[in-house]
Amino acid sequence: METIYIKHPIDPERIKKAPSVMALGYFDGVHKGHQQVIKTAAKVAIEQKLPLAVMTFHPHPKEVLSTSTRPMRYITPLQEKMEQMKKLGVDQFYIISFTKEFASLSPQQFVKDYLISLNVQHVVAGFDFTYGAKGKGNMDTIEEDSKGHFNFSMVPALKNGSIKVSSTHIRELIHQGEVQLIPDDLGRYYKMSGTVIDGEKRGRKLGFPTANIQMNERYEIPKTGVYVVKLSIDGHHYFGVCNIGYKPTFHVKHEGDPSIEVHIFDFKQDIYGKEVEIEWLKRIREEKKFASIDDLIHQIHMDKEQSITYLKKNQLAF
Ligand SMILES: Cc1cc2nc3c(=O)[nH]c(=O)nc-3n(C[C@H](O)[C@H](O)[C@H](O)COP(=O)(O)O)c2cc1C
Ligand SMILES: Nc1ncnc2c1ncn2[C@@H]1O[C@H](COP(=O)(O)OP(=O)(O)O)[C@@H](O)[C@H]1O
């Protein structure tokens, strides 16, 4: 996959003008609805013997246009989005830097500069895709704005039961800790990449060493609590039990991002500094403040047992 970064204003002299089929969207999550859009474009690309291209915008428009001071978090930060695009067989991945100036382009100017000038032959987008200043361009205006330079296909909403598959719904599931439901919408478990860092060196003394994981990017954060997780380290897969939270047994203050700590089953290696991937399989309980360390240790034993039972019952491991 070729990745093409474009900074606004686009320089028409410097861009490739080979014809392509282009799927358009923000695609945070690259969920089943997004996959439908990209697969529709892939089908047209095969029929027309053209490369499959995807155009996305980064950072997320909300991050640039919203007045909120809270930083935007992602289901798939850019690196992860790229990985998913590769898996879908995308040939060219265009990343347009989303700035206030870019956002103020009229819909017609966007189509002219970013689609027609790239020699796009066919555009595919989801039913709710909008383009141009204030999102005034949409699936009802694109035909007129294309001025006959390209055809387009609109992909209808994908539903999971009565609920529309959407990044918003997946975010809600992450925040509610309902991670076991996420594969229905996302097509895979929610996962993060991170680095194993030093903790407070207490885990080993408790009889439960825990790998403390620092997220590598601004991911959406699951609800605090204890989870069954899968870890990938150097291409090997392990299962474990994870606490995400503020460790109220030891700390009074709950500031900043929660810590993420995984006790890995049947594992005894030093992995400080390693890059890992953590998949969130199932939330099993709330984080609690224990009256004694013995009570906490007893509870962690039970969490481990419960996790292994869950993994066995769902034929995920053991
Ligand atoms: C499965 C599991 C469940 C945990 N549950 C709690 C909890 O409910 N409350 C709490 O204060 N700490 C909880 N912890 C966090 C421990 O307090 C923490 O692992 C220990 O303090 C070691 O921290 P360190 O690795 O930073 O040294 C849990 C840890 C694990 C692995
Ligand atoms: N089963 C295991 N699960 C998690 N980490 C383990 C395990 N066995 C060994 N380790 C190593 O021990 C470290 C955790 O030890 P711990 O005493 O909890 O210290 P820290 O507070 O630095 O996390 C991990 O980062 C990892 O390198």
# chains A, B, ... in the order shown; residues from 1 in each chain; ligands from 1
$ closest_atom_pairs --of "chain A" --to "ligand 2" --cutoff "6 Å" --atoms "only C-alpha atoms and all ligand atoms" --output "tab-separated table"
residue	atom	partner	partner_atom_place_in_ligand_line	distance
A:Val196	CA	ligand 2	25 (O)	6.0
A:Asp198	CA	ligand 2	22 (O)	3.8
A:Gly199	CA	ligand 2	21 (O)	3.1
A:Glu200	CA	ligand 2	21 (O)	4.0
A:Lys201	CA	ligand 2	21 (O)	3.3
A:Arg202	CA	ligand 2	17 (O)	4.9
A:Gly203	CA	ligand 2	18 (O)	3.3
A:Arg204	CA	ligand 2	17 (O)	3.7
A:Pro209	CA	ligand 2	18 (O)	3.6
A:Thr210	CA	ligand 2	4 (C)	3.9
A:Ala211	CA	ligand 2	25 (O)	3.7
A:Asn212	CA	ligand 2	23 (O)	5.0
A:Val262	CA	ligand 2	4 (C)	5.8
A:His263	CA	ligand 2	3 (N)	4.0
A:Ile264	CA	ligand 2	3 (N)	3.8
A:Phe265	CA	ligand 2	1 (N)	5.5
A:Phe267	CA	ligand 2	1 (N)	4.2
A:Lys268	CA	ligand 2	8 (N)	3.7
A:Gln269	CA	ligand 2	9 (C)	4.7
A:Asp270	CA	ligand 2	27 (O)	3.5
A:Ile271	CA	ligand 2	27 (O)	3.8
A:Tyr272	CA	ligand 2	27 (O)	4.6
$ residues_around --residues "A:Lys304" --least-positions-apart "4" --cutoff "12 Å" --atoms "only C-alpha atoms" --output "PyMOL selection string"
chain A and resi 208+226-229+239-243+262-266+284-285+297-300+308-311
$ write_last_selection --atoms "C-alpha atoms" --output "PDB file, in the first residue's frame"
ATOM      1  CA  PHE A 208       1.183 -11.127  40.857  1.00  0.00           C
ATOM      2  CA  VAL A 226     -10.824  -5.693  35.702  1.00  0.00           C
ATOM      3  CA  TYR A 227     -10.775  -7.314  32.251  1.00  0.00           C
ATOM      4  CA  VAL A 228      -9.821 -10.573  30.561  1.00  0.00           C
ATOM      5  CA  VAL A 229      -7.277  -9.608  27.897  1.00  0.00           C
ATOM      6  CA  PHE A 239      -3.758 -14.252  27.888  1.00  0.00           C
ATOM      7  CA  GLY A 240      -4.003 -12.373  31.142  1.00  0.00           C
ATOM      8  CA  VAL A 241      -6.085 -10.380  33.555  1.00  0.00           C
ATOM      9  CA  CYS A 242      -5.857  -6.619  33.496  1.00  0.00           C
ATOM     10  CA  ASN A 243      -6.686  -3.856  35.921  1.00  0.00           C
ATOM     11  CA  VAL A 262      -1.696  -6.934  33.072  1.00  0.00           C
ATOM     12  CA  HIS A 263      -0.851 -10.094  34.943  1.00  0.00           C
ATOM     13  CA  ILE A 264       0.016 -12.548  32.170  1.00  0.00           C
ATOM     14  CA  PHE A 265      -0.835 -16.224  32.744  1.00  0.00           C
ATOM     15  CA  ASP A 266       1.978 -18.821  32.663  1.00  0.00           C
ATOM     16  CA  ILE A 284     -15.372  -8.914  34.866  1.00  0.00           C
ATOM     17  CA  ARG A 285     -15.718  -6.389  37.711  1.00  0.00           C
ATOM     18  CA  ILE A 297      -4.507 -10.704  46.761  1.00  0.00           C
ATOM     19  CA  HIS A 298      -7.445 -13.031  47.453  1.00  0.00           C
ATOM     20  CA  GLN A 299      -9.576 -11.100  44.965  1.00  0.00           C
ATOM     21  CA  ILE A 300      -6.864 -11.207  42.271  1.00  0.00           C
ATOM     22  CA  ILE A 308      -9.560 -18.659  32.818  1.00  0.00           C
ATOM     23  CA  THR A 309     -13.105 -20.026  33.150  1.00  0.00           C
ATOM     24  CA  TYR A 310     -14.315 -17.351  30.721  1.00  0.00           C
ATOM     25  CA  LEU A 311     -11.559 -18.125  28.210  1.00  0.00           C
TER      26      LEU A 311
END
$ select_by_dssp --residues "stretch 41-193 of chain A" --states "strand (DSSP E or B)" --output "ChimeraX atom specification"
/A:52-58,74,92-97,120-126,131,137,151-155,159-160,163-164,190-193
$ write_last_selection --atoms "C-alpha atoms" --output "short mmCIF file (atom, residue, chain, number, x, y, z; two decimals), in the first residue's frame"
data_model
loop_
_atom_site.label_atom_id
_atom_site.label_comp_id
_atom_site.auth_asym_id
_atom_site.auth_seq_id
_atom_site.Cartn_x
_atom_site.Cartn_y
_atom_site.Cartn_z
CA LEU A 52 -8.34 0.96 -5.01
CA ALA A 53 -7.75 4.23 -3.18
CA VAL A 54 -9.01 5.50 0.18
CA MET A 55 -9.02 9.14 1.23
CA THR A 56 -9.15 10.04 4.89
CA PHE A 57 -8.63 13.20 6.91
CA HIS A 58 -6.40 13.68 9.91
CA TYR A 74 -9.38 7.45 18.67
CA GLN A 92 -3.31 3.98 -2.28
CA PHE A 93 -4.08 5.58 1.07
CA TYR A 94 -4.45 9.36 0.95
CA ILE A 95 -4.22 11.24 4.24
CA ILE A 96 -5.30 14.85 3.95
CA SER A 97 -4.14 17.06 6.80
CA VAL A 120 -10.74 9.89 -9.61
CA GLN A 121 -13.08 7.83 -11.81
CA HIS A 122 -15.52 6.56 -9.22
CA VAL A 123 -16.24 7.73 -5.68
CA VAL A 124 -17.71 5.53 -2.95
CA ALA A 125 -18.91 6.91 0.39
CA GLY A 126 -21.30 6.04 3.19
CA TYR A 131 -17.69 17.36 2.50
CA GLY A 137 -21.72 18.78 0.44
CA ASN A 151 -19.49 8.29 -11.04
CA PHE A 152 -20.38 7.58 -7.45
CA SER A 153 -21.91 4.88 -5.26
CA MET A 154 -23.51 5.48 -1.89
CA VAL A 155 -23.38 2.71 0.70
CA LYS A 159 -27.27 -2.26 11.09
CA ASN A 160 -26.56 -4.67 13.90
CA ILE A 163 -28.60 -0.24 16.04
CA LYS A 164 -26.60 1.42 13.31
CA TYR A 190 -10.87 -3.47 20.54
CA LYS A 191 -7.10 -3.28 20.77
CA MET A 192 -4.36 -0.83 21.70
CA SER A 193 -0.64 -0.74 21.19
#
$ residues_around --residues "stretch 287-293 of chain A" --least-positions-apart "6" --cutoff "6 Å" --atoms "only C-alpha atoms" --output "PDB file with C-alpha atoms, in the first residue's frame"
ATOM      1  CA  GLY A 225     -12.208  -2.202  36.145  1.00  0.00           C
ATOM      2  CA  PRO A 248      -7.696   2.968  45.163  1.00  0.00           C
ATOM      3  CA  THR A 249      -6.248   0.496  47.692  1.00  0.00           C
TER       4      THR A 249
END
$ residues_around --residues "stretch 67-73 of chain A" --least-positions-apart "4" --cutoff "8 Å" --atoms "only C-alpha atoms" --output "ChimeraX atom specification"
/A:60,62-63,218-220
$ write_last_selection --atoms "C-alpha atoms" --output "PDB file, in the first residue's frame"
ATOM      1  CA  HIS A  60     -10.377  14.195  13.163  1.00  0.00           C
ATOM      2  CA  LYS A  62     -13.757  17.434  15.795  1.00  0.00           C
ATOM      3  CA  GLU A  63     -10.221  17.907  17.081  1.00  0.00           C
ATOM      4  CA  ARG A 218      -4.457   8.682  22.204  1.00  0.00           C
ATOM      5  CA  TYR A 219      -6.832   5.731  22.310  1.00  0.00           C
ATOM      6  CA  GLU A 220     -10.372   5.726  23.688  1.00  0.00           C
TER       7      GLU A 220
END
$ select_by_dssp --residues "stretch 17-235 of chain A" --states "helix (DSSP H, G or I)" --output "VMD selection string"
chain A and resid 32 to 47 61 to 65 78 to 87 100 to 103 107 to 116 133 to 135 142 to 146 167 to 176 179 to 186 203 to 206
$ residues_around --residues "stretch 312-317 of chain A" --least-positions-apart "5" --cutoff "10 Å" --atoms "only C-alpha atoms" --output "ChimeraX atom specification"
/A:230,238-239,281,306-307
$ atom_distance --atom1 "atom CA of A:Gly245" --atom2 "atom CA of A:Asp257"
8.2 Å
$ atom_distance --atom1 "atom CA of A:Pro12" --atom2 "atom CA of A:Met139"
25.1 Å
$ closest_residue --among "A:Arg188, A:Lys7, A:His169, A:Lys253" --to "ligand 1" --atoms "only C-alpha atoms and all ligand atoms"
A:Lys253
$ residues_around --residues "stretch 105-119 of chain A" --least-positions-apart "4" --cutoff "7 Å" --atoms "only C-alpha atoms" --output "VMD selection string"
chain A and resid 12 16 to 19 101 131 to 133 136 to 137 145 to 146 149
$ closest_residue --among "A:Glu277, A:Ser259, A:Thr195, A:Ala41" --to "A:Ser232" --atoms "only C-alpha atoms"
A:Glu277
